[in-house]
$ cat target.txt   # compact mmCIF, C-alpha atoms and all ligand atoms
# COMPACT_ATOMS: atom_id res chain seq x y z
CA MET A 1 16.74 -0.70 -22.35
CA ASN A 2 14.68 -1.98 -19.42
CA THR A 3 11.36 -2.42 -21.15
CA SER A 4 9.99 -5.93 -20.52
CA THR A 5 7.93 -8.00 -22.96
CA GLU A 6 4.86 -7.26 -20.82
CA GLU A 7 5.59 -3.55 -21.14
CA LEU A 8 6.13 -3.73 -24.90
CA ASN A 9 2.73 -5.37 -25.16
CA ILE A 10 1.20 -2.63 -23.03
CA ILE A 11 2.65 0.00 -25.38
CA LYS A 12 1.33 -1.89 -28.43
CA THR A 13 -2.12 -2.12 -26.83
CA VAL A 14 -2.20 1.60 -26.09
CA LEU A 15 -1.14 2.53 -29.62
CA GLU A 16 -3.94 0.29 -30.92
CA PHE A 17 -6.40 2.02 -28.58
CA CYS A 18 -5.27 5.38 -29.97
CA GLU A 19 -5.64 4.23 -33.54
CA SER A 20 -9.08 2.73 -33.11
CA GLY A 21 -10.36 5.18 -30.48
CA THR A 22 -11.18 2.32 -28.12
CA THR A 23 -10.13 1.22 -24.66
CA GLN A 24 -10.09 -1.93 -22.54
CA LEU A 25 -13.57 -3.15 -21.63
CA GLN A 26 -14.76 -5.72 -19.12
CA SER A 27 -17.58 -7.95 -20.38
CA ASP A 28 -20.20 -6.12 -18.31
CA VAL A 29 -20.80 -3.36 -15.81
CA MET A 30 -20.57 -4.48 -12.19
CA LEU A 31 -22.85 -3.40 -9.35
CA ASN A 32 -21.28 -2.93 -5.93
CA PRO A 33 -23.76 -2.65 -3.03
CA VAL A 34 -23.50 0.70 -1.25
CA ASN A 35 -23.97 -1.28 1.93
CA ASN A 36 -20.33 -2.35 1.49
CA TYR A 37 -19.36 1.29 2.12
CA THR A 38 -21.67 2.07 5.01
CA ASP A 39 -22.27 -1.01 7.12
CA THR A 40 -20.37 -1.22 10.41
CA GLU A 41 -20.54 -5.00 10.48
CA HIS A 42 -19.13 -5.16 6.97
CA VAL A 43 -16.16 -2.94 7.77
CA ASN A 44 -15.48 -4.96 10.92
CA LEU A 45 -15.45 -8.11 8.80
CA GLU A 46 -13.04 -6.38 6.40
CA ILE A 47 -10.72 -5.30 9.21
CA ASN A 48 -10.76 -8.77 10.75
CA THR A 49 -10.15 -10.50 7.43
CA LEU A 50 -8.31 -8.22 5.02
CA PHE A 51 -6.30 -6.41 7.69
CA ARG A 52 -5.38 -9.49 9.72
CA ASN A 53 -4.71 -12.23 7.18
CA PHE A 54 -2.82 -10.38 4.45
CA PRO A 55 0.51 -8.53 4.35
CA ILE A 56 0.30 -4.75 4.62
CA ILE A 57 3.15 -2.38 3.76
CA VAL A 58 4.21 -0.72 7.03
CA GLY A 59 7.48 0.89 6.04
CA TYR A 60 10.33 1.34 3.66
CA ALA A 61 13.65 -0.52 3.99
CA GLU A 62 15.61 2.71 4.51
CA GLN A 63 13.75 3.22 7.81
CA LEU A 64 15.30 -0.03 9.07
CA LYS A 65 18.69 0.19 7.45
CA GLU A 66 20.76 -0.69 10.50
CA ALA A 67 20.46 -3.28 13.24
CA GLY A 68 18.58 -1.79 16.18
CA GLN A 69 16.42 0.52 14.13
CA TYR A 70 12.71 0.17 14.81
CA LEU A 71 9.41 1.67 13.72
CA THR A 72 5.84 1.48 14.91
CA HIS A 73 2.55 1.26 13.00
CA ASN A 74 -0.86 1.60 14.63
CA GLU A 75 -3.47 2.15 11.93
CA THR A 76 -4.69 -1.43 11.48
CA GLY A 77 -5.93 -1.47 15.07
CA ILE A 78 -3.08 -3.79 16.02
CA PRO A 79 -0.18 -1.80 17.51
CA ILE A 80 2.86 -3.08 15.61
CA LEU A 81 6.56 -2.79 16.45
CA VAL A 82 9.01 -3.61 13.66
CA THR A 83 12.74 -4.03 14.33
CA ARG A 84 15.90 -4.98 12.50
CA ASN A 85 17.76 -7.46 14.67
CA ARG A 86 21.50 -8.15 15.01
CA THR A 87 21.42 -10.78 12.27
CA ASN A 88 19.88 -8.29 9.85
CA GLU A 89 16.38 -9.79 9.85
CA VAL A 90 13.24 -7.68 9.98
CA LYS A 91 11.02 -8.75 12.88
CA ALA A 92 7.54 -7.58 13.85
CA PHE A 93 5.69 -7.86 17.13
CA ILE A 94 2.44 -6.85 18.71
CA ASN A 95 3.51 -3.71 20.56
CA VAL A 96 1.83 -4.72 23.81
CA CYS A 97 3.67 -5.46 27.05
CA ARG A 98 3.29 -8.93 28.50
CA HIS A 99 3.15 -7.60 32.07
CA ARG A 100 -0.04 -5.55 32.03
CA GLY A 101 -0.49 -4.52 28.45
CA ALA A 102 1.04 -1.08 28.04
CA ARG A 103 2.25 -0.02 24.59
CA VAL A 104 5.96 -0.74 24.79
CA VAL A 105 7.20 1.71 22.14
CA ASN A 106 5.35 4.92 21.49
CA GLU A 107 7.72 6.75 19.14
CA PRO A 108 7.19 6.38 15.36
CA CYS A 109 10.82 5.24 14.96
CA GLY A 110 14.15 5.03 16.76
CA LYS A 111 17.27 2.97 17.40
CA ALA A 112 18.13 0.88 20.46
CA ASN A 113 19.42 -2.52 21.56
CA THR A 114 16.44 -3.08 23.83
CA VAL A 115 13.08 -1.38 24.24
CA SER A 116 11.63 -0.70 27.63
CA CYS A 117 7.96 -0.53 28.59
CA PRO A 118 7.11 2.94 29.94
CA TYR A 119 4.74 1.59 32.61
CA HIS A 120 6.98 -0.57 34.85
CA GLY A 121 10.10 -0.83 32.79
CA TRP A 122 10.12 -4.42 31.52
CA THR A 123 12.65 -4.63 28.70
CA TYR A 124 12.60 -6.60 25.47
CA ASP A 125 15.36 -7.19 22.92
CA LEU A 126 15.18 -6.81 19.14
CA ASN A 127 13.89 -10.39 18.83
CA GLY A 128 11.06 -9.62 21.23
CA ASN A 129 12.56 -11.70 24.06
CA LEU A 130 11.78 -10.49 27.55
CA ARG A 131 15.18 -9.52 28.93
CA GLY A 132 14.47 -7.83 32.21
CA MET A 133 11.77 -7.28 34.79
CA ARG A 134 12.49 -4.62 37.37
CA GLN A 135 12.55 -6.11 40.88
CA PRO A 136 12.16 -9.67 39.60
CA ALA A 137 11.59 -11.10 43.07
CA GLY A 138 7.99 -9.92 42.70
CA PHE A 139 7.51 -12.27 39.72
CA ASP A 140 8.63 -15.56 41.20
CA GLY A 141 7.45 -18.40 39.02
CA VAL A 142 6.81 -16.23 35.92
CA ASP A 143 8.78 -17.75 33.05
CA LYS A 144 10.61 -15.05 31.11
CA ASN A 145 10.90 -17.35 28.12
CA THR A 146 7.18 -17.47 27.52
CA HIS A 147 6.61 -13.75 28.05
CA GLY A 148 8.32 -12.27 25.03
CA LEU A 149 6.47 -9.93 22.70
CA VAL A 150 4.07 -11.80 20.41
CA GLU A 151 5.60 -12.12 16.97
CA LEU A 152 3.88 -11.20 13.70
CA PRO A 153 4.90 -12.41 10.23
CA ALA A 154 7.22 -9.79 8.71
CA PHE A 155 8.95 -9.60 5.35
CA GLU A 156 11.26 -7.43 3.38
CA GLN A 157 10.45 -7.52 -0.33
CA PHE A 158 11.29 -5.01 -3.07
CA GLY A 159 12.72 -2.60 -0.49
CA LEU A 160 9.43 -2.52 1.40
CA ILE A 161 8.53 -3.83 4.86
CA TRP A 162 5.39 -5.97 4.95
CA VAL A 163 3.63 -7.22 8.08
CA GLN A 164 0.64 -9.48 8.53
CA PRO A 165 -1.10 -7.98 11.58
CA LYS A 166 -2.04 -11.38 13.06
CA PRO A 167 0.25 -14.04 14.51
CA SER A 168 0.52 -17.20 12.43
CA ASP A 169 1.86 -20.66 13.15
CA GLU A 170 2.29 -21.28 9.43
CA LYS A 171 5.06 -19.66 7.44
CA ILE A 172 3.65 -17.36 4.79
CA ASP A 173 5.04 -17.71 1.26
CA ILE A 174 5.36 -14.00 0.52
CA GLN A 175 7.23 -14.63 -2.70
CA SER A 176 4.46 -16.58 -4.33
CA TRP A 177 1.94 -14.05 -2.98
CA LEU A 178 3.74 -11.19 -4.75
CA ALA A 179 4.94 -13.26 -7.72
CA PRO A 180 2.49 -11.77 -10.27
CA MET A 181 4.03 -8.33 -9.60
CA ALA A 182 7.63 -9.45 -9.06
CA GLU A 183 9.14 -8.72 -12.46
CA GLN A 184 8.05 -5.10 -12.48
CA LEU A 185 8.67 -4.42 -8.78
CA THR A 186 12.16 -5.92 -8.94
CA SER A 187 13.02 -3.74 -11.91
CA LEU A 188 12.18 -0.59 -9.93
CA ASN A 189 15.13 -1.10 -7.57
CA LEU A 190 13.23 0.45 -4.69
CA GLU A 191 15.94 -0.74 -2.26
CA SER A 192 18.26 1.92 -3.56
CA HIS A 193 15.73 4.78 -3.36
CA THR A 194 15.44 7.28 -0.55
CA MET A 195 12.45 8.85 1.18
CA PHE A 196 11.75 12.44 0.16
CA ARG A 197 8.41 12.94 1.95
CA GLN A 198 6.15 10.88 4.14
CA TRP A 199 2.62 11.84 5.13
CA SER A 200 -0.51 10.44 6.67
CA LEU A 201 -4.07 11.77 6.34
CA ASN A 202 -7.15 10.96 8.39
CA LEU A 203 -9.94 11.00 5.82
CA ASP A 204 -13.67 11.24 6.54
CA MET A 205 -14.64 8.57 4.07
CA ASN A 206 -15.00 4.81 3.85
CA TRP A 207 -11.64 3.30 2.87
CA HIS A 208 -13.02 1.96 -0.44
CA ILE A 209 -13.68 5.49 -1.67
CA ALA A 210 -10.01 6.41 -1.20
CA LEU A 211 -8.87 3.09 -2.68
CA GLU A 212 -11.06 3.43 -5.76
CA GLY A 213 -9.45 6.71 -6.81
CA PHE A 214 -6.40 4.63 -7.80
CA LEU A 215 -8.30 1.88 -9.63
CA GLU A 216 -9.71 3.72 -12.63
CA THR A 217 -8.65 6.64 -14.81
CA TYR A 218 -12.12 7.58 -16.04
CA HIS A 219 -12.18 10.44 -13.51
CA PHE A 220 -8.90 12.08 -14.60
CA CYS A 221 -10.37 14.47 -17.17
CA SER A 222 -13.25 15.56 -14.96
CA ALA A 223 -12.00 15.49 -11.36
CA HIS A 224 -8.49 16.53 -12.40
CA LYS A 225 -9.37 18.59 -15.48
CA ASN A 226 -6.98 21.41 -14.57
CA THR A 227 -4.20 19.19 -13.22
CA ALA A 228 -3.55 15.55 -14.20
CA CYS A 229 -5.87 15.44 -17.23
CA ALA A 230 -3.51 17.15 -19.67
CA SER A 231 -0.62 14.78 -18.98
CA TYR A 232 -2.40 11.51 -19.72
CA LEU A 233 -4.46 9.91 -22.45
CA ASP A 234 -8.11 10.11 -21.46
CA ASN A 235 -9.35 6.77 -20.13
CA GLN A 236 -7.12 4.64 -22.35
CA SER A 237 -5.11 2.79 -19.75
CA PRO A 238 -4.74 -0.99 -19.82
CA PHE A 239 -5.44 -2.94 -16.63
CA LEU A 240 -3.52 -6.18 -16.22
CA ASP A 241 -5.26 -8.78 -14.08
CA LYS A 242 -2.54 -9.99 -11.71
CA TYR A 243 -5.04 -11.61 -9.38
CA PRO A 244 -5.46 -10.64 -6.61
CA HIS A 245 -3.35 -7.64 -7.62
CA VAL A 246 -3.80 -5.24 -10.56
CA ARG A 247 -1.33 -3.40 -12.75
CA ASN A 248 -2.82 -0.27 -14.29
CA ALA A 249 -0.59 1.32 -16.91
CA VAL A 250 -1.65 4.93 -17.47
CA PRO A 251 -0.15 6.27 -20.71
CA LEU A 252 1.20 9.80 -20.87
CA ALA A 253 -0.19 11.90 -23.71
CA ARG A 254 3.22 11.87 -25.42
CA ILE A 255 3.10 8.11 -26.02
CA THR A 256 1.53 8.65 -29.46
CA LYS A 257 5.00 9.68 -30.69
CA LEU A 258 6.18 6.10 -30.26
CA LYS A 259 4.12 5.12 -33.29
CA GLU A 260 6.78 6.61 -35.53
CA GLN A 261 9.62 4.95 -33.64
CA ASP A 262 11.18 1.53 -33.98
CA PRO A 263 9.66 -0.75 -31.28
CA GLU A 264 13.23 -1.76 -30.42
CA THR A 265 13.69 1.71 -28.95
CA TRP A 266 10.41 1.92 -27.03
CA ASP A 267 10.84 2.87 -23.41
CA TYR A 268 8.01 2.06 -21.01
CA ARG A 269 8.89 4.01 -17.88
CA SER A 270 9.19 7.44 -19.49
CA ASN A 271 5.79 7.08 -21.15
CA PHE A 272 3.62 5.82 -18.29
CA MET A 273 2.43 6.33 -14.77
CA THR A 274 1.77 2.88 -13.33
CA GLN A 275 -0.73 2.29 -10.54
CA ASN A 276 -0.03 -1.07 -8.96
CA TYR A 277 -2.68 -2.34 -6.59
CA ILE A 278 -1.27 -4.93 -4.22
CA PHE A 279 -4.11 -6.67 -2.42
CA PRO A 280 -5.78 -5.65 -0.11
CA CYS A 281 -4.86 -1.98 0.47
CA ASN A 282 -1.37 -1.26 -0.88
CA PHE A 283 -0.42 0.81 -3.90
CA ILE A 284 2.94 1.20 -5.58
CA GLN A 285 2.45 4.17 -7.87
CA VAL A 286 5.30 4.48 -10.32
CA MET A 287 5.97 7.85 -11.94
CA THR A 288 8.49 8.37 -14.75
CA ASP A 289 11.34 9.06 -12.29
CA HIS A 290 10.05 8.46 -8.76
CA VAL A 291 7.63 6.26 -6.83
CA TYR A 292 4.87 6.63 -4.24
CA ILE A 293 3.89 3.92 -1.77
CA HIS A 294 0.36 4.29 -0.42
CA THR A 295 -1.70 2.29 2.03
CA VAL A 296 -5.39 2.88 2.76
CA ILE A 297 -6.61 1.51 6.08
CA PRO A 298 -10.16 1.62 7.45
CA THR A 299 -10.60 3.03 10.94
CA GLY A 300 -14.39 2.74 10.92
CA PRO A 301 -17.24 2.61 8.38
CA ASP A 302 -16.86 6.31 7.56
CA SER A 303 -13.16 6.97 8.18
CA CYS A 304 -9.79 5.77 6.99
CA VAL A 305 -6.12 6.62 7.10
CA PHE A 306 -4.19 7.27 3.91
CA LYS A 307 -0.45 6.79 4.45
CA SER A 308 2.03 7.71 1.80
CA VAL A 309 5.74 7.77 1.15
CA MET A 310 7.47 9.48 -1.78
CA LEU A 311 10.62 7.66 -2.88
CA ILE A 312 13.22 9.29 -5.10
CA PRO A 313 16.17 7.53 -6.78
CA GLU A 314 18.86 9.45 -4.90
CA SER A 315 19.08 12.03 -2.13
CA ALA A 316 18.17 15.57 -3.18
CA LEU A 317 21.46 17.19 -2.27
CA THR A 318 21.29 20.38 -4.32
CA GLU A 319 18.78 23.19 -4.10
CA LYS A 320 17.78 22.47 -7.68
CA ALA A 321 17.03 18.83 -6.85
CA GLN A 322 15.09 19.84 -3.73
CA LYS A 323 12.97 22.23 -5.78
CA TYR A 324 12.38 19.66 -8.51
CA TRP A 325 11.15 16.95 -6.16
CA GLN A 326 9.19 19.41 -4.03
CA ALA A 327 7.34 20.57 -7.16
CA ASN A 328 6.46 16.95 -8.00
CA TYR A 329 5.28 16.37 -4.44
CA ASP A 330 3.15 19.55 -4.50
CA VAL A 331 1.42 18.51 -7.73
CA VAL A 332 0.62 15.06 -6.38
CA ARG A 333 -0.71 16.47 -3.11
CA SER A 334 -3.01 18.86 -4.93
CA VAL A 335 -4.26 16.11 -7.28
CA PHE A 336 -4.98 13.85 -4.28
CA ASP A 337 -6.76 16.74 -2.54
CA GLU A 338 -9.08 16.89 -5.55
CA ASP A 339 -9.84 13.17 -5.11
CA PHE A 340 -10.33 13.40 -1.36
CA GLU A 341 -12.64 16.40 -1.54
CA ILE A 342 -14.90 14.44 -3.88
CA GLY A 343 -14.53 11.37 -1.65
CA GLU A 344 -15.69 13.22 1.43
CA GLY A 345 -18.68 14.45 -0.57
CA ILE A 346 -19.52 10.84 -1.53
CA GLN A 347 -19.37 9.90 2.13
CA LYS A 348 -21.78 12.70 3.09
CA GLY A 349 -24.18 11.59 0.34
CA PHE A 350 -24.61 8.10 1.83
CA ALA A 351 -27.11 9.48 4.35
CA THR A 352 -29.53 10.17 1.49
CA LYS A 353 -29.70 6.46 0.57
CA VAL A 354 -30.18 7.56 -3.06
CA ASN A 355 -27.99 4.71 -4.37
CA THR A 356 -28.44 1.07 -3.56
CA ASN A 357 -25.52 0.08 -5.75
CA PHE A 358 -22.56 1.86 -7.23
CA ILE A 359 -21.94 1.13 -10.90
CA PHE A 360 -18.45 0.05 -11.98
CA GLY A 361 -18.32 0.82 -15.70
CA ARG A 362 -16.87 -1.56 -18.28
CA PHE A 363 -13.68 0.49 -18.55
CA GLU A 364 -13.37 0.93 -14.78
CA ALA A 365 -11.62 -2.42 -14.86
CA GLY A 366 -9.43 -1.89 -11.80
CA LEU A 367 -12.51 -1.39 -9.67
CA GLN A 368 -14.03 -4.60 -10.97
CA LEU A 369 -10.86 -6.68 -10.60
CA ALA A 370 -10.01 -5.44 -7.10
CA GLN A 371 -13.59 -5.81 -5.87
CA LYS A 372 -13.71 -9.40 -7.13
CA ALA A 373 -10.55 -10.22 -5.15
CA LEU A 374 -11.82 -8.41 -2.03
CA ASP A 375 -15.14 -10.28 -2.22
CA ASP A 376 -13.28 -13.57 -2.67
CA ALA A 377 -11.20 -12.91 0.46
CA LEU A 378 -14.22 -11.99 2.55
CA LYS A 379 -15.88 -15.25 1.46
CA GLY A 380 -12.74 -17.18 2.45
CA HIS A 381 -11.88 -18.06 -1.17
CA LEU A 382 -8.62 -16.11 -1.22
CA THR A 383 -5.80 -16.65 1.26
CA VAL A 384 -2.07 -16.00 1.31
CA PRO A 385 -0.14 -19.14 0.29
CA GLN A 386 1.76 -20.95 3.07
CA MET A 387 5.22 -22.46 2.77
CA ARG A 388 5.17 -26.19 2.29
S1 LIG B 401 2.81 -2.98 31.60
FE1 LIG B 401 4.78 -3.04 30.76
S2 LIG B 401 6.04 -3.20 32.45
FE2 LIG B 401 4.09 -3.16 33.34
FE FE B 402 -7.64 10.92 -8.86
$ encode --input "target.txt" --output "structure tokens"
Amino acid sequence: MNTSTEELNIIKTVLEFCESGTTQLQSDVMLNPVNNYTDTEHVNLEINTLFRNFPIIVGYAEQLKEAGQYLTHNETGIPILVTRNRTNEVKAFINVCRHRGARVVNEPCGKANTVSCPYHGWTYDLNGNLRGMRQPAGFDGVDKNTHGLVELPAFEQFGLIWVQPKPSDEKIDIQSWLAPMAEQLTSLNLESHTMFRQWSLNLDMNWHIALEGFLETYHFCSAHKNTACASYLDNQSPFLDKYPHVRNAVPLARITKLKEQDPETWDYRSNFMTQNYIFPCNFIQVMTDHVYIHTVIPTGPDSCVFKSVMLIPESALTEKAQKYWQANYDVVRSVFDEDFEIGEGIQKGFATKVNTNFIFGRFEAGLQLAQKALDDALKGHLTVPQMR
């Protein structure tokens, strides 16, 4: 059985909640200024801090399985090119040509030994080195060695590709950054999964609104009353403070049966949906038999991009398997549509200036924990650890 001590404790906690009719409570409600959702200067500060100095998930390992495979990512405002080089390392670069700035690779993904700028044809290899300038006589005195693509910190961890969208002279210690989540994420074996669906939505709402839908479960039995509500216990999900990350274990309604069973036989995965917030904008949402990876990225004060990948444990080779996973995907998409419709309504309501603050309730713990970490980062109190 793969249930960890942490997970056994989560199960115990939930069964206690059921028995006593209680749930996890923060010491107080928290007020979050609505200005944080509407102010252009604030969102610019967020983009320049949270989306430059912290690793963002930009892809899944399967997309870069072989040397020469590459992918691009544009949503953070920094055009990013990610490659797998000949020595099997994942590399990331600013996808901007060193001649006169054209975007070198425009396709979402591909495979090649070198990439060639569409404007005048300068070519770069998988390590970003400038390999060729057409008609080099015209560039006498320009040192090829100092005109490679600008490198960005890139990592492969838990089968996911992470990039920090700003160059750094220091070496980031990604392992200690993700350490609070490592036990659980390792146990998921995401490396061996395969992508079933991938989608990206441009949403007319501040990015926090989209983010917050995954940081509390109070809304399940109202916003999702005809969909997700029936499957889960109502608002009885523990939040584990994994600062700056959060693990939110959402118990399925059937968990109450475990009370009659020997704790030795308790299985976590089949009784929970787990919403893992990985600071600042990444989610690893673990269902009983498959996993979603989401990122929410601001594109302005009133718009964001929601990117998502559905990972399944093995390829859906039969019609039955296709149908099964498609049905799961359809349910999730319709539940998210319910969230996003409400979110776009929240965005429209900002013009009324009715609220000065939003109220994060005592059991909306994920909201409180994530907001604390986000505030810390904006104040410069939270940074990614560097290698010594
Ligand atoms: S801008 Fe890329 S080759 Fe000229
Ligand atoms: Fe929701």
$ closest_residue --input "target.txt" --among "A:Arg134, A:Lys91, A:Arg86, A:Lys12" --to "ligand LIG 401 (chain B)" --atoms "all atoms listed in the file"
A:Arg134
$ residues_around --input "target.txt" --residues "Leu215 in chain A" --least-positions-apart "6" --cutoff "12 Å" --atoms "only C-alpha atoms" --output "count of residues only"
36
$ atom_distance --input "target.txt" --atom1 "CA of Glu260 in chain A" --atom2 "CA of Ala230 in chain A"
21.6 Å
$ residues_near_ligand --input "target.txt" --ligand "ligand LIG 401 (chain B)" --cutoff "9 Å" --atoms "only C-alpha atoms and all ligand atoms" --output "PyMOL selection string"
chain A and resi 96-104+116-123+133-134
$ atom_distance --input "target.txt" --atom1 "CA of Ile293 in chain A" --atom2 "CA of Tyr232 in chain A"
20.5 Å
$ axis_aligned_box --input "target.txt" --around "range 113-129 of chain A" --padding-each-side "4 Å" --output "JSON"
{"center_x": 12.1, "center_y": -4.4, "center_z": 26.8, "size_x": 22.7, "size_y": 22.6, "size_z": 24.0}
$ atom_distance --input "target.txt" --atom1 "CA of Tyr243 in chain A" --atom2 "CA of Pro180 in chain A"
7.6 Å
$ residues_around --input "target.txt" --residues "Val309 in chain A" --least-positions-apart "2" --cutoff "6 Å" --atoms "all atoms listed in the file" --output "number ranges by chain"
A: 197-198, 292-293
$ closest_residue --input "target.txt" --among "A:Met273, A:Pro280, A:Val354, A:Gln26" --to "Thr49 in chain A" --atoms "all atoms listed in the file"
A:Pro280
$ closest_residue --input "target.txt" --among "A:Thr227, A:Thr22, A:Ser27, A:Asn328" --to "ligand FE 402 (chain B)" --atoms "all atoms listed in the file"
A:Thr227
$ closest_atom_pairs --input "target.txt" --of "chain A" --to "ligand FE 402 (chain B)" --cutoff "8 Å" --atoms "all atoms listed in the file" --output "Markdown table"
| residue | atom | partner | partner_atom | distance |
| --- | --- | --- | --- | --- |
| A:Gly213 | CA | B:FE402 | FE | 5.0 |
| A:Phe214 | CA | B:FE402 | FE | 6.5 |
| A:Thr217 | CA | B:FE402 | FE | 7.4 |
| A:His219 | CA | B:FE402 | FE | 6.5 |
| A:Phe220 | CA | B:FE402 | FE | 6.0 |
| A:Ala223 | CA | B:FE402 | FE | 6.8 |
| A:His224 | CA | B:FE402 | FE | 6.7 |
| A:Val335 | CA | B:FE402 | FE | 6.4 |
| A:Phe336 | CA | B:FE402 | FE | 6.1 |
| A:Glu338 | CA | B:FE402 | FE | 7.0 |
| A:Asp339 | CA | B:FE402 | FE | 4.9 |
$ closest_residue --input "target.txt" --among "A:Gln386, A:Thr3, A:Asn53, A:Thr23" --to "Ser176 in chain A" --atoms "all atoms listed in the file"
A:Gln386
$ residues_around --input "target.txt" --residues "His73 in chain A" --least-positions-apart "3" --cutoff "9 Å" --atoms "all atoms listed in the file" --output "MDAnalysis selection string"
chainID A and resid 58:59 76 78:82 108
$ closest_atom_pairs --input "target.txt" --of "range 115-158 of chain A" --to "range 166-175 of chain A" --cutoff "7 Å" --atoms "all atoms listed in the file" --output "Markdown table"
| residue | atom | partner | partner_atom | distance |
| --- | --- | --- | --- | --- |
| A:Glu151 | CA | A:Pro167 | CA | 6.2 |
| A:Leu152 | CA | A:Pro167 | CA | 4.7 |
| A:Pro153 | CA | A:Pro167 | CA | 6.5 |
$ closest_residue --input "target.txt" --among "A:Leu233, A:Val90, A:Leu374, A:Cys304" --to "Asn202 in chain A" --atoms "only C-alpha atoms"
A:Cys304
$ closest_residue --input "target.txt" --among "A:Ala67, A:Thr186, A:Gln236, A:Thr72" --to "Asn127 in chain A" --atoms "all atoms listed in the file"
A:Ala67
$ residues_around --input "target.txt" --residues "Val291 in chain A" --least-positions-apart "3" --cutoff "9 Å" --atoms "all atoms listed in the file" --output "MDAnalysis selection string"
chainID A and resid 188 190 193 284:288 309:313
$ write_last_selection --input "target.txt" --atoms "C-alpha atoms" --output "CSV table (one decimal), in the coordinates of the input"
chain,number,residue,atom,x,y,z
A,188,LEU,CA,12.2,-0.6,-9.9
A,190,LEU,CA,13.2,0.4,-4.7
A,193,HIS,CA,15.7,4.8,-3.4
A,284,ILE,CA,2.9,1.2,-5.6
A,285,GLN,CA,2.4,4.2,-7.9
A,286,VAL,CA,5.3,4.5,-10.3
A,287,MET,CA,6.0,7.8,-11.9
A,288,THR,CA,8.5,8.4,-14.8
A,309,VAL,CA,5.7,7.8,1.2
A,310,MET,CA,7.5,9.5,-1.8
A,311,LEU,CA,10.6,7.7,-2.9
A,312,ILE,CA,13.2,9.3,-5.1
A,313,PRO,CA,16.2,7.5,-6.8
$ residues_around --input "target.txt" --residues "range 109-111 of chain A" --least-positions-apart "5" --cutoff "9 Å" --atoms "all atoms listed in the file" --output "list of chain:residue names"
A:Gln63, A:Glu66, A:Ala67, A:Gly68, A:Gln69, A:Tyr70, A:Leu71, A:Thr72, A:Thr83
$ write_last_selection --input "target.txt" --atoms "C-alpha atoms" --output "CSV table (one decimal), keeping the file's coordinate frame"
chain,number,residue,atom,x,y,z
A,63,GLN,CA,13.8,3.2,7.8
A,66,GLU,CA,20.8,-0.7,10.5
A,67,ALA,CA,20.5,-3.3,13.2
A,68,GLY,CA,18.6,-1.8,16.2
A,69,GLN,CA,16.4,0.5,14.1
A,70,TYR,CA,12.7,0.2,14.8
A,71,LEU,CA,9.4,1.7,13.7
A,72,THR,CA,5.8,1.5,14.9
A,83,THR,CA,12.7,-4.0,14.3
